[in-house]
file upload_23.txt (compact mmCIF, C-alpha atoms and all ligand atoms)
# COMPACT_ATOMS: atom_id res chain seq x y z
CA MET A 1 0.00 0.00 0.00
CA LYS A 2 2.64 2.43 1.01
CA LYS A 3 4.58 1.88 -2.19
CA ALA A 4 1.55 2.28 -4.38
CA ARG A 5 0.85 5.67 -2.86
CA LEU A 6 4.38 6.81 -3.35
CA ILE A 7 4.33 6.54 -7.12
CA PRO A 8 1.69 9.21 -7.79
CA LEU A 9 3.47 11.48 -5.38
CA ILE A 10 6.75 11.06 -7.26
CA LEU A 11 4.90 11.74 -10.50
CA ILE A 12 3.48 14.94 -9.11
CA VAL A 13 6.85 16.14 -7.87
CA PHE A 14 8.43 15.17 -11.19
CA SER A 15 5.83 17.00 -13.25
CA MET A 16 6.16 20.03 -11.01
CA THR A 17 9.88 20.15 -11.71
CA LEU A 18 9.03 19.94 -15.40
CA LEU A 19 6.63 22.83 -15.01
CA ALA A 20 9.27 24.87 -13.31
CA GLN A 21 11.64 24.63 -16.29
CA ARG A 22 12.03 28.02 -17.88
CA THR A 23 11.96 28.23 -21.66
CA LYS A 24 15.44 27.73 -23.08
CA LEU A 25 15.98 29.64 -26.27
CA ARG A 26 18.59 29.08 -28.95
CA PRO A 27 19.69 31.28 -31.85
CA GLY A 28 18.22 30.26 -35.22
CA TYR A 29 19.65 29.85 -38.71
CA ASN A 30 22.69 32.03 -39.25
CA ILE A 31 25.34 32.31 -41.94
CA PHE A 32 27.50 34.50 -39.68
CA ASN A 33 29.58 33.35 -36.76
CA PRO A 34 29.23 35.06 -33.37
CA GLN A 35 32.49 36.97 -33.83
CA GLN A 36 31.04 38.46 -37.03
CA ASP A 37 28.02 39.59 -35.03
CA VAL A 38 30.41 41.56 -32.84
CA GLU A 39 32.33 43.05 -35.78
CA LEU A 40 29.17 43.88 -37.64
CA GLY A 41 27.58 45.50 -34.59
CA ARG A 42 30.69 47.59 -34.00
CA GLU A 43 30.76 48.91 -37.54
CA VAL A 44 27.06 49.65 -37.61
CA ALA A 45 27.36 51.31 -34.19
CA LYS A 46 30.04 53.66 -35.52
CA ASP A 47 27.77 54.50 -38.39
CA ALA A 48 24.76 54.93 -36.10
CA GLU A 49 26.65 57.17 -33.70
CA ARG A 50 27.59 59.51 -36.50
CA GLN A 51 23.91 59.99 -37.11
CA LEU A 52 22.44 59.90 -33.63
CA GLU A 53 23.04 62.35 -30.83
CA LEU A 54 24.07 60.63 -27.61
CA ILE A 55 23.25 61.95 -24.15
CA ASN A 56 26.29 63.48 -22.56
CA ASN A 57 25.33 63.37 -18.88
CA SER A 58 27.74 61.41 -16.73
CA ASN A 59 25.18 60.55 -14.02
CA ALA A 60 22.68 59.20 -16.51
CA ASN A 61 25.34 57.32 -18.45
CA ALA A 62 26.77 55.76 -15.28
CA TYR A 63 23.28 54.72 -14.23
CA ILE A 64 22.35 53.11 -17.55
CA GLY A 65 25.75 51.40 -17.72
CA ALA A 66 25.37 49.93 -14.23
CA LEU A 67 21.79 48.81 -14.80
CA GLY A 68 22.79 47.26 -18.11
CA GLN A 69 25.69 45.36 -16.63
CA ARG A 70 23.47 44.04 -13.83
CA LEU A 71 21.15 42.66 -16.51
CA ALA A 72 24.12 41.38 -18.53
CA SER A 73 25.30 39.36 -15.53
CA LYS A 74 22.05 37.36 -15.65
CA VAL A 75 21.15 36.85 -19.31
CA PRO A 76 22.21 33.51 -20.86
CA ASN A 77 25.00 35.10 -22.87
CA GLU A 78 26.70 31.95 -24.15
CA ASN A 79 28.67 33.74 -26.84
CA LYS A 80 29.94 36.28 -24.28
CA PHE A 81 28.80 39.22 -26.35
CA PRO A 82 30.35 42.40 -24.95
CA PHE A 83 27.32 44.50 -24.04
CA TYR A 84 27.41 48.24 -23.69
CA PHE A 85 24.64 50.75 -23.16
CA LYS A 86 24.13 54.31 -24.39
CA ILE A 87 21.34 56.85 -24.22
CA VAL A 88 20.20 58.56 -27.41
CA ASN A 89 18.98 62.14 -27.21
CA ASP A 90 15.69 61.41 -28.92
CA ARG A 91 12.29 61.74 -27.30
CA SER A 92 10.59 59.00 -29.27
CA ILE A 93 10.00 55.92 -27.14
CA ASN A 94 12.49 53.54 -28.62
CA ALA A 95 15.42 51.29 -27.90
CA PHE A 96 17.46 49.13 -30.18
CA ALA A 97 20.33 46.70 -30.01
CA LEU A 98 22.90 45.88 -32.66
CA PRO A 99 24.39 42.44 -33.24
CA GLY A 100 27.07 41.48 -30.73
CA GLY A 101 26.23 43.88 -27.93
CA PRO A 102 25.65 47.61 -28.49
CA VAL A 103 22.35 48.65 -26.85
CA TYR A 104 20.84 52.12 -27.38
CA ILE A 105 18.04 53.48 -25.24
CA HIS A 106 16.22 56.57 -26.37
CA ARG A 107 15.80 59.29 -23.81
CA GLY A 108 12.06 59.04 -24.55
CA ALA A 109 11.97 55.44 -23.29
CA ILE A 110 13.38 56.51 -19.92
CA GLU A 111 10.93 59.41 -19.77
CA ALA A 112 8.00 57.09 -20.52
CA ALA A 113 8.91 54.32 -18.06
CA ASP A 114 7.08 54.47 -14.73
CA ASN A 115 9.85 52.73 -12.84
CA GLU A 116 13.18 50.99 -13.09
CA ALA A 117 11.61 47.56 -13.59
CA GLN A 118 9.98 48.72 -16.82
CA LEU A 119 13.19 50.21 -18.14
CA ALA A 120 15.11 47.08 -17.12
CA GLY A 121 12.51 45.04 -19.00
CA VAL A 122 13.03 47.05 -22.19
CA ILE A 123 16.79 46.62 -21.93
CA GLY A 124 16.45 42.91 -21.14
CA HIS A 125 14.24 42.51 -24.21
CA GLU A 126 16.87 44.21 -26.41
CA MET A 127 19.56 41.98 -24.94
CA GLY A 128 17.39 39.02 -25.86
CA HIS A 129 17.64 40.07 -29.51
CA VAL A 130 21.43 40.20 -29.16
CA ILE A 131 22.03 36.84 -27.50
CA LEU A 132 19.53 35.11 -29.79
CA ARG A 133 21.32 36.81 -32.71
CA HIS A 134 18.06 37.97 -34.27
CA GLY A 135 19.70 40.67 -36.40
CA THR A 136 22.05 38.38 -38.27
CA ASN A 137 19.43 35.63 -38.29
CA GLN A 138 17.14 38.07 -40.06
CA ALA A 139 19.90 39.03 -42.49
CA SER A 140 20.64 35.35 -43.11
CA LYS A 141 17.00 34.67 -43.91
CA ALA A 142 16.80 37.70 -46.19
CA GLN A 143 19.80 36.40 -48.07
CA LEU A 144 17.93 33.14 -48.69
CA THR A 145 14.67 34.65 -49.84
CA GLN A 146 15.66 37.83 -51.62
CA GLY A 147 18.72 36.64 -53.43
CA GLY A 148 20.60 39.47 -51.85
CA LEU A 149 19.28 42.77 -53.25
CA GLY A 150 20.16 45.45 -50.79
CA ILE A 151 22.19 45.37 -47.63
CA LEU A 152 23.56 41.89 -47.85
CA GLY A 153 26.29 42.26 -50.38
CA ALA A 154 27.85 44.85 -48.18
CA VAL A 155 27.21 43.08 -44.92
CA LEU A 156 28.38 39.69 -46.04
CA GLY A 157 31.70 40.68 -47.52
CA ASN A 158 34.84 38.83 -46.51
CA GLY A 159 35.46 40.35 -43.12
CA ALA A 160 31.97 41.74 -42.80
CA ALA A 161 32.99 44.78 -40.85
CA GLY A 162 35.62 46.12 -43.18
CA GLN A 163 33.27 45.80 -46.09
CA ILE A 164 30.55 47.83 -44.47
CA ALA A 165 33.04 50.52 -43.70
CA ALA A 166 34.27 50.34 -47.27
CA VAL A 167 30.88 50.76 -48.84
CA GLY A 168 29.85 53.43 -46.36
CA GLY A 169 26.50 55.00 -46.92
CA GLY A 170 23.50 54.91 -44.67
CA PHE A 171 22.64 53.50 -41.32
CA LEU A 172 22.60 49.87 -42.30
CA ALA A 173 21.07 48.67 -39.09
CA ASN A 174 17.80 50.26 -39.92
CA SER A 175 16.88 47.83 -42.63
CA VAL A 176 17.53 44.15 -42.22
CA LEU A 177 19.24 44.00 -38.86
CA LEU A 178 16.50 45.65 -36.80
CA LYS A 179 13.33 44.33 -38.37
CA TYR A 180 12.38 41.37 -36.27
CA SER A 181 9.70 38.78 -36.74
CA ARG A 182 6.87 38.29 -34.25
CA ASP A 183 8.49 35.04 -33.16
CA ALA A 184 11.73 36.87 -32.46
CA GLU A 185 9.74 39.40 -30.41
CA SER A 186 8.19 36.65 -28.32
CA GLN A 187 11.62 35.16 -27.70
CA ALA A 188 13.08 38.52 -26.69
CA ASP A 189 10.09 38.96 -24.37
CA LEU A 190 10.90 35.69 -22.63
CA ILE A 191 14.55 36.67 -22.11
CA GLY A 192 13.46 40.08 -20.80
CA THR A 193 10.99 38.46 -18.43
CA GLN A 194 13.47 35.86 -17.20
CA VAL A 195 16.14 38.42 -16.46
CA LEU A 196 13.67 40.65 -14.59
CA TYR A 197 12.76 37.66 -12.45
CA ASP A 198 16.37 36.71 -11.83
CA LEU A 199 17.15 40.21 -10.57
CA GLY A 200 14.17 40.21 -8.25
CA TYR A 201 12.10 42.69 -10.29
CA ASP A 202 8.44 42.24 -11.00
CA PRO A 203 8.69 39.97 -14.08
CA LYS A 204 5.46 41.38 -15.52
CA ALA A 205 6.98 44.85 -15.82
CA MET A 206 8.28 44.48 -19.39
CA ALA A 207 5.16 43.05 -21.00
CA GLU A 208 2.93 45.49 -19.14
CA PHE A 209 5.03 48.43 -20.28
CA PHE A 210 5.01 47.34 -23.94
CA ASP A 211 1.32 46.62 -23.74
CA LYS A 212 0.61 50.03 -22.25
CA LEU A 213 2.69 51.73 -24.95
CA ALA A 214 0.94 49.82 -27.71
CA LYS A 215 -2.45 50.96 -26.39
CA GLU A 216 -1.68 54.52 -25.42
CA HIS A 217 0.69 55.73 -28.05
CA LYS A 218 -0.42 53.95 -31.15
CA GLY A 219 1.07 55.63 -34.18
CA THR A 220 2.84 58.36 -32.26
CA LYS A 221 6.15 58.40 -30.44
CA THR A 222 6.45 54.64 -30.39
CA GLU A 223 5.97 54.14 -34.10
CA GLU A 224 9.60 53.39 -34.75
CA PHE A 225 9.85 50.91 -31.91
CA PHE A 226 6.83 48.93 -33.00
CA SER A 227 7.82 48.98 -36.65
CA ASN A 228 11.12 47.30 -35.73
CA HIS A 229 9.60 45.20 -32.94
CA PRO A 230 6.22 44.01 -34.26
CA ILE A 231 3.78 43.25 -31.46
CA PRO A 232 3.67 39.49 -30.90
CA GLU A 233 0.30 37.81 -30.61
CA ASN A 234 -0.93 37.38 -27.04
CA ARG A 235 2.14 39.07 -25.61
CA VAL A 236 0.89 39.33 -22.05
CA THR A 237 -0.57 35.81 -22.02
CA LYS A 238 2.69 34.29 -23.23
CA VAL A 239 4.72 36.24 -20.70
CA ASN A 240 2.39 35.20 -17.89
CA ALA A 241 2.76 31.56 -18.92
CA GLU A 242 6.54 31.95 -18.70
CA ILE A 243 6.33 33.61 -15.30
CA LYS A 244 4.50 30.52 -13.97
CA LYS A 245 7.48 28.41 -15.05
CA LEU A 246 10.02 30.64 -13.35
CA GLY A 247 9.11 29.72 -9.80
CA PRO A 248 7.76 31.55 -6.78
CA LEU A 249 7.66 35.30 -7.04
CA PRO A 250 9.45 37.37 -4.43
CA PRO A 251 6.89 38.67 -1.90
CA THR A 252 7.88 42.27 -2.57
CA PRO A 253 9.38 42.43 -6.04
CA ARG A 254 11.75 45.25 -6.75
CA ALA A 255 10.08 47.86 -8.93
CA ASP A 256 11.91 51.10 -8.63
CA SER A 257 15.00 52.89 -7.43
CA PRO A 258 15.63 56.53 -6.46
CA ASP A 259 18.44 56.53 -9.06
CA PHE A 260 15.98 55.74 -11.82
CA GLN A 261 13.64 58.56 -10.80
CA ASP A 262 16.60 60.88 -10.60
CA VAL A 263 17.75 60.02 -14.14
CA LYS A 264 14.19 60.25 -15.43
CA ARG A 265 13.90 63.77 -14.00
CA THR A 266 17.22 64.67 -15.61
CA MET A 267 15.99 63.45 -18.99
CA LEU A 268 12.74 65.37 -18.65
CA SER A 269 14.62 68.55 -17.78
CA LEU A 270 17.07 68.40 -20.69
CA PRO A 271 16.43 70.79 -23.57
CA GLU A 272 14.62 69.48 -26.63
CA PRO A 273 17.06 67.59 -28.84
CA ALA A 274 18.37 69.44 -31.87
CA LYS A 275 16.67 68.44 -35.07
CA ARG A 276 17.85 65.04 -36.04
CA ASP A 277 20.49 64.86 -38.72
CA THR A 278 18.58 63.59 -41.69
CA LYS A 279 21.47 62.95 -44.00
CA ALA A 280 20.62 59.28 -44.25
CA GLU A 281 16.94 59.84 -44.90
CA PRO A 282 15.71 59.27 -48.43
CA GLY A 283 16.11 62.32 -50.59
CA ASN A 284 18.60 64.00 -48.30
CA SER A 285 21.65 61.90 -49.00
CA LYS A 286 24.52 63.27 -50.95
CA PRO A 287 24.78 61.30 -54.19
CA PRO A 288 28.04 59.43 -54.77
CA SER A 289 30.53 60.92 -57.17
CA PRO A 290 29.83 59.90 -60.78
CA PRO A 291 31.37 56.69 -62.14
CA SER A 292 35.04 57.14 -62.85
CA ALA A 293 36.24 56.52 -66.41
CA ARG A 294 39.21 54.55 -65.08
CA THR A 295 38.42 50.92 -64.32
CA LEU A 296 39.44 48.18 -61.91
CA GLU A 297 39.28 44.46 -62.45
CA PHE A 298 36.86 42.32 -60.48
CA ASN A 299 37.47 38.59 -60.53
CA ALA A 300 35.45 36.16 -58.40
CA ASN A 301 33.23 33.13 -58.79
CA GLY A 302 34.29 32.55 -62.36
CA VAL A 303 33.29 36.06 -63.41
CA ARG A 304 35.74 38.70 -64.55
CA LEU A 305 34.69 42.24 -65.32
CA ARG A 306 35.95 45.79 -65.12
CA HIS A 307 34.12 48.42 -63.08
CA PRO A 308 34.75 52.12 -62.41
CA ASP A 309 37.74 52.46 -60.08
CA ASN A 310 35.74 54.53 -57.57
CA TRP A 311 33.49 51.51 -56.90
CA LYS A 312 34.40 48.88 -54.33
CA SER A 313 33.49 45.24 -54.45
CA SER A 314 32.55 42.88 -51.67
CA VAL A 315 31.97 39.19 -52.17
CA GLN A 316 30.31 36.57 -50.02
CA GLY A 317 29.69 33.18 -51.54
CA THR A 318 28.21 33.70 -54.98
CA HIS A 319 27.01 37.20 -54.14
CA ALA A 320 28.99 40.29 -55.07
CA THR A 321 28.13 43.95 -54.58
CA ILE A 322 30.11 46.60 -56.43
CA ALA A 323 29.21 50.14 -55.45
CA PRO A 324 30.62 53.63 -54.97
CA ASP A 325 31.01 55.26 -51.54
CA GLY A 326 27.52 56.38 -50.55
CA GLY A 327 25.98 53.89 -52.98
CA LEU A 328 24.15 52.23 -50.11
CA ILE A 329 21.46 54.31 -48.45
CA GLY A 330 19.75 53.09 -45.30
CA GLY A 331 21.29 49.73 -46.03
CA ASN A 332 19.92 49.39 -49.55
CA LEU A 333 21.82 49.59 -52.80
CA ALA A 334 20.93 52.84 -54.58
CA TYR A 335 23.93 53.15 -56.94
CA GLY A 336 26.07 50.33 -58.27
CA MET A 337 25.63 46.72 -59.14
CA ILE A 338 25.16 43.20 -57.91
CA ALA A 339 26.39 39.95 -59.46
CA ASP A 340 24.99 36.66 -58.26
CA VAL A 341 23.89 33.18 -59.28
CA PHE A 342 20.31 31.98 -59.43
CA GLN A 343 19.31 28.33 -59.58
CA PRO A 344 16.22 27.97 -61.76
CA GLN A 345 13.63 25.23 -61.30
CA GLY A 346 13.43 22.84 -64.25
CA ALA A 347 15.43 23.02 -67.45
CA GLY A 348 13.42 25.59 -69.35
CA GLY A 349 16.38 27.51 -70.72
CA LEU A 350 17.39 31.14 -70.45
CA GLU A 351 13.95 32.71 -70.85
CA GLN A 352 12.20 30.60 -68.27
CA ALA A 353 15.07 30.93 -65.80
CA THR A 354 15.03 34.71 -66.25
CA THR A 355 11.27 34.86 -65.64
CA GLN A 356 11.74 32.91 -62.41
CA LEU A 357 14.53 35.22 -61.30
CA LEU A 358 12.51 38.37 -62.02
CA ASN A 359 9.57 36.95 -60.07
CA GLN A 360 11.84 36.24 -57.14
CA LEU A 361 13.31 39.73 -57.21
CA LYS A 362 9.79 41.18 -57.21
CA GLN A 363 8.82 39.05 -54.23
CA GLY A 364 11.61 40.62 -52.24
CA ASN A 365 10.85 44.17 -53.43
CA ALA A 366 7.20 45.15 -53.15
CA GLY A 367 7.40 48.21 -55.42
CA MET A 368 9.30 46.50 -58.25
CA GLN A 369 7.80 46.41 -61.75
CA THR A 370 9.04 45.31 -65.14
CA THR A 371 9.29 48.34 -67.41
CA ARG A 372 10.92 46.53 -70.32
CA SER A 373 10.45 42.81 -70.91
CA PRO A 374 13.64 40.85 -71.49
CA VAL A 375 15.27 41.47 -74.86
CA GLN A 376 18.11 39.46 -76.36
CA THR A 377 21.67 40.57 -75.96
CA LYS A 378 25.12 38.99 -75.61
CA VAL A 379 27.42 38.55 -72.64
CA ASP A 380 30.93 37.32 -73.49
CA GLY A 381 29.57 36.08 -76.81
CA ARG A 382 26.83 34.01 -75.18
CA PRO A 383 23.09 34.55 -75.54
CA ALA A 384 21.85 36.75 -72.72
CA LEU A 385 18.72 38.69 -71.80
CA LEU A 386 18.38 42.27 -70.64
CA ALA A 387 15.31 43.45 -68.71
CA GLU A 388 14.52 46.79 -67.19
CA LEU A 389 12.69 47.20 -63.92
CA ALA A 390 11.52 50.16 -61.88
CA ASN A 391 11.61 50.17 -58.11
CA ASP A 392 11.43 52.69 -55.28
CA SER A 393 14.91 54.11 -54.84
CA PRO A 394 16.46 54.29 -51.37
CA ALA A 395 17.60 57.75 -52.53
CA GLY A 396 13.98 58.84 -52.99
CA GLY A 397 11.93 58.73 -56.20
CA LYS A 398 12.20 55.84 -58.61
CA GLU A 399 15.19 53.77 -59.56
CA THR A 400 15.96 51.83 -62.70
CA ASP A 401 17.29 48.29 -62.41
CA PHE A 402 18.92 46.75 -65.47
CA VAL A 403 18.95 42.99 -65.07
CA ILE A 404 21.23 40.96 -67.34
CA THR A 405 21.02 37.18 -67.29
CA VAL A 406 23.15 34.50 -68.90
CA LEU A 407 23.08 30.73 -68.41
CA ARG A 408 26.39 29.32 -67.26
CA SER A 409 24.99 25.81 -67.17
CA SER A 410 21.49 24.36 -67.35
CA ASN A 411 20.98 24.90 -63.64
CA GLU A 412 22.99 28.05 -63.06
CA LEU A 413 21.79 31.45 -64.18
CA LEU A 414 24.31 34.24 -63.72
CA TYR A 415 22.71 37.59 -63.22
CA PHE A 416 23.85 41.17 -62.92
CA VAL A 417 21.68 43.98 -61.58
CA MET A 418 22.77 47.56 -62.35
CA VAL A 419 21.04 50.08 -60.11
CA ALA A 420 20.72 53.87 -60.23
CA PRO A 421 17.98 56.39 -59.41
CA ALA A 422 15.99 57.02 -62.61
CA LYS A 423 17.14 60.65 -62.72
CA ASP A 424 20.80 59.58 -62.61
CA VAL A 425 20.57 56.85 -65.23
CA PRO A 426 21.99 59.08 -68.00
CA GLN A 427 25.10 59.57 -65.87
CA TYR A 428 25.44 55.83 -65.18
CA ARG A 429 24.34 54.26 -68.47
CA ASN A 430 27.78 54.43 -70.02
CA ALA A 431 29.46 52.84 -67.02
CA PHE A 432 26.84 50.07 -66.92
CA ASN A 433 27.35 49.33 -70.63
CA GLN A 434 31.10 49.20 -70.20
CA VAL A 435 30.77 46.80 -67.27
CA ILE A 436 28.49 44.51 -69.28
CA ASP A 437 30.85 44.59 -72.28
CA SER A 438 33.76 43.68 -70.05
CA ILE A 439 32.18 40.57 -68.51
CA ARG A 440 34.15 37.38 -69.16
CA LEU A 441 32.93 34.02 -67.92
CA LYS A 442 35.02 30.99 -67.08
ZN ZN B 501 12.02 43.44 -29.93
call {"tool": "encode", "arguments": {"input": "upload_23.txt", "output": "structure tokens"}}
result
Amino acid sequence: MKKARLIPLILIVFSMTLLAQRTKLRPGYNIFNPQQDVELGREVAKDAERQLELINNSNANAYIGALGQRLASKVPNENKFPFYFKIVNDRSINAFALPGGPVYIHRGAIEAADNEAQLAGVIGHEMGHVILRHGTNQASKAQLTQGGLGILGAVLGNGAAGQIAAVGGGFLANSVLLKYSRDAESQADLIGTQVLYDLGYDPKAMAEFFDKLAKEHKGTKTEEFFSNHPIPENRVTKVNAEIKKLGPLPPTPRADSPDFQDVKRTMLSLPEPAKRDTKAEPGNSKPPSPPSARTLEFNANGVRLRHPDNWKSSVQGTHATIAPDGGLIGGNLAYGMIADVFQPQGAGGLEQATTQLLNQLKQGNAGMQTTRSPVQTKVDGRPALLAELANDSPAGGKETDFVITVLRSSNELLYFVMVAPAKDVPQYRNAFNQVIDSIRLK
């Protein structure tokens, strides 16, 4: 009898331990290694800090640094990403983290938080994106689905960091690296909630704060935050389910600190920030200098060609971007070219493969339209097709994309995309033609 009664009891204890297991999260698909996250984040941070104004108040900076490091001591940071924390002089309610550790908190987020627990929750959430490598995961996925138009050629160059610096241009982070999926948001929520719990804060503080912002400020000062961090379904419910797994709550959870209120008052008393430097915004960027008449050789992946010597190339795998300084705006290619390989489905020949490629490019670029159907041309003496597409230019207005395709084998379509804003095409046409004429295939 005694034994028989023991078994259910063991089962109950066992299932309770199961219940108490917190959710363990792992980074997803990634073509970068963790060290590249760090290098990439550093380069993008340099770029970001040229465009953002940071708060220069030693008290506030010491506070945010100390709070951040307290959180950093608790998050499951298996790759040992070197976190640091800075306050941006911007009153919109926002925060963002770059791959490998840089975390930026807008002054507006501190002003909007009711207490330290809420602010800690926001920071913990951002750190979740870092340790789960959501930025480079997102970039890796974009590389798969979009065939690489945009940021990736620059980001993925050999020695990612150097290549970004080389191509220069806009604030790359704003495009691929900071646009997370709803799943990524839920994961970051769990990390934020876990770290609040581990530090003795009220673990509901993060989800409640986000939920309050979503309701109160819809479409206003939080627009940027929620466009980069889409609201996950059932946010509060999911967080509450996690809290149940974390274990008993402290009887009087930590919510606030006098230091937080002090810093919040400081932020509120600072003068309005100067108008944000808009040099990276569409339409306000300085166009790159025109294509040089002198040329440089490019030779990779069995493709040789000559491009203007004021363009720089970066290659990752089959994907190459060749662009002038300032040719990337907000992370997207506005001036220059891409060379890559597309693997068509079936053996339908050049025309069918080209149609498939154009469809894929359009899937990755909502505003893209064919303005001239493919016409026959030659690349290195081989039959090729040339199509013209229109798309929204990262420089503002419309851009023209010249797409040249040539079959290297029955299952390998080489393609070249030449990009310039429509108004600048006359200035670039010659350079594009010379590049195409110079292409030699192995
Ligand atoms: Zn997020």
call {"tool": "residues_near_point", "arguments": {"input": "upload_23.txt", "point": "(12.1, 42.4, -20.9)", "cutoff": "7 Å", "atoms": "all atoms listed in the file", "output": "list in words"}}
result
Ala120, Gly121, Val122, Ile123, Gly124, His125, Asp189, Ile191, Gly192, Thr193, Leu196, Met206 and Ala207 of chain A
call {"tool": "residues_near_ligand", "arguments": {"input": "upload_23.txt", "ligand": "ligand ZN 501 (chain B)", "cutoff": "12 Å", "atoms": "all atoms listed in the file", "output": "CSV table (one decimal) with C-alpha atoms, in the coordinates of the input"}}
result
chain,number,residue,atom,x,y,z
A,94,ASN,CA,12.5,53.5,-28.6
A,95,ALA,CA,15.4,51.3,-27.9
A,96,PHE,CA,17.5,49.1,-30.2
A,97,ALA,CA,20.3,46.7,-30.0
A,98,LEU,CA,22.9,45.9,-32.7
A,103,VAL,CA,22.4,48.6,-26.8
A,121,GLY,CA,12.5,45.0,-19.0
A,122,VAL,CA,13.0,47.0,-22.2
A,123,ILE,CA,16.8,46.6,-21.9
A,124,GLY,CA,16.4,42.9,-21.1
A,125,HIS,CA,14.2,42.5,-24.2
A,126,GLU,CA,16.9,44.2,-26.4
A,127,MET,CA,19.6,42.0,-24.9
A,128,GLY,CA,17.4,39.0,-25.9
A,129,HIS,CA,17.6,40.1,-29.5
A,130,VAL,CA,21.4,40.2,-29.2
A,132,LEU,CA,19.5,35.1,-29.8
A,133,ARG,CA,21.3,36.8,-32.7
A,134,HIS,CA,18.1,38.0,-34.3
A,135,GLY,CA,19.7,40.7,-36.4
A,177,LEU,CA,19.2,44.0,-38.9
A,178,LEU,CA,16.5,45.6,-36.8
A,179,LYS,CA,13.3,44.3,-38.4
A,180,TYR,CA,12.4,41.4,-36.3
A,181,SER,CA,9.7,38.8,-36.7
A,182,ARG,CA,6.9,38.3,-34.2
A,183,ASP,CA,8.5,35.0,-33.2
A,184,ALA,CA,11.7,36.9,-32.5
A,185,GLU,CA,9.7,39.4,-30.4
A,186,SER,CA,8.2,36.6,-28.3
A,187,GLN,CA,11.6,35.2,-27.7
A,188,ALA,CA,13.1,38.5,-26.7
A,189,ASP,CA,10.1,39.0,-24.4
A,190,LEU,CA,10.9,35.7,-22.6
A,191,ILE,CA,14.6,36.7,-22.1
A,192,GLY,CA,13.5,40.1,-20.8
A,206,MET,CA,8.3,44.5,-19.4
A,207,ALA,CA,5.2,43.0,-21.0
A,210,PHE,CA,5.0,47.3,-23.9
A,224,GLU,CA,9.6,53.4,-34.8
A,225,PHE,CA,9.8,50.9,-31.9
A,226,PHE,CA,6.8,48.9,-33.0
A,227,SER,CA,7.8,49.0,-36.6
A,228,ASN,CA,11.1,47.3,-35.7
A,229,HIS,CA,9.6,45.2,-32.9
A,230,PRO,CA,6.2,44.0,-34.3
A,231,ILE,CA,3.8,43.2,-31.5
A,232,PRO,CA,3.7,39.5,-30.9
A,235,ARG,CA,2.1,39.1,-25.6
call {"tool": "atom_distance", "arguments": {"input": "upload_23.txt", "atom1": "CA of Gly302 in chain A", "atom2": "CA of Phe402 in chain A"}}
result
21.2 Å
call {"tool": "closest_residue", "arguments": {"input": "upload_23.txt", "among": "A:Leu119, A:Leu358, A:Ile404, A:Ala353", "to": "Val375 in chain A", "atoms": "all atoms listed in the file"}}
result
A:Ile404
call {"tool": "atom_distance", "arguments": {"input": "upload_23.txt", "atom1": "CA of Asn89 in chain A", "atom2": "CA of Pro273 in chain A"}}
result
6.0 Å
call {"tool": "axis_aligned_box", "arguments": {"input": "upload_23.txt", "around": "range 77-87 of chain A", "padding_each_side": "3 Å", "output": "lines of an AutoDock Vina configuration file"}}
result
center_x = 25.8
center_y = 44.4
center_z = -24.9
size_x = 15.0
size_y = 30.9
size_z = 10.0
call {"tool": "atom_distance", "arguments": {"input": "upload_23.txt", "atom1": "CA of Ala45 in chain A", "atom2": "CA of Gly326 in chain A"}}
result
17.1 Å
call {"tool": "build_atoms", "arguments": {"input": "upload_23.txt", "residues": "range 22-28 of chain A", "atoms": "N, CA, C and O atoms", "output": "PDB file, keeping the file's coordinate frame"}}
result
ATOM      1  N   ARG A  22      12.226  26.832 -17.037  1.00  0.00           N
ATOM      2  CA  ARG A  22      12.030  28.020 -17.880  1.00  0.00           C
ATOM      3  C   ARG A  22      12.298  27.677 -19.334  1.00  0.00           C
ATOM      4  O   ARG A  22      12.987  26.717 -19.638  1.00  0.00           O
ATOM      5  N   THR A  23      11.749  28.478 -20.235  1.00  0.00           N
ATOM      6  CA  THR A  23      11.960  28.230 -21.660  1.00  0.00           C
ATOM      7  C   THR A  23      13.409  28.522 -22.016  1.00  0.00           C
ATOM      8  O   THR A  23      13.933  29.588 -21.697  1.00  0.00           O
ATOM      9  N   LYS A  24      14.058  27.526 -22.630  1.00  0.00           N
ATOM     10  CA  LYS A  24      15.440  27.730 -23.080  1.00  0.00           C
ATOM     11  C   LYS A  24      15.400  28.084 -24.554  1.00  0.00           C
ATOM     12  O   LYS A  24      14.793  27.393 -25.346  1.00  0.00           O
ATOM     13  N   LEU A  25      16.045  29.164 -24.892  1.00  0.00           N
ATOM     14  CA  LEU A  25      15.980  29.640 -26.270  1.00  0.00           C
ATOM     15  C   LEU A  25      17.351  29.523 -26.921  1.00  0.00           C
ATOM     16  O   LEU A  25      18.374  29.703 -26.268  1.00  0.00           O
ATOM     17  N   ARG A  26      17.339  29.224 -28.199  1.00  0.00           N
ATOM     18  CA  ARG A  26      18.590  29.080 -28.950  1.00  0.00           C
ATOM     19  C   ARG A  26      18.537  29.969 -30.195  1.00  0.00           C
ATOM     20  O   ARG A  26      17.492  30.122 -30.793  1.00  0.00           O
ATOM     21  N   PRO A  27      19.675  30.512 -30.603  1.00  0.00           N
ATOM     22  CA  PRO A  27      19.690  31.280 -31.850  1.00  0.00           C
ATOM     23  C   PRO A  27      19.291  30.408 -33.039  1.00  0.00           C
ATOM     24  O   PRO A  27      19.562  29.207 -33.035  1.00  0.00           O
ATOM     25  N   GLY A  28      18.657  31.013 -34.040  1.00  0.00           N
ATOM     26  CA  GLY A  28      18.220  30.260 -35.220  1.00  0.00           C
ATOM     27  C   GLY A  28      19.271  30.242 -36.326  1.00  0.00           C
ATOM     28  O   GLY A  28      20.448  30.522 -36.083  1.00  0.00           O
TER      29      GLY A  28
END
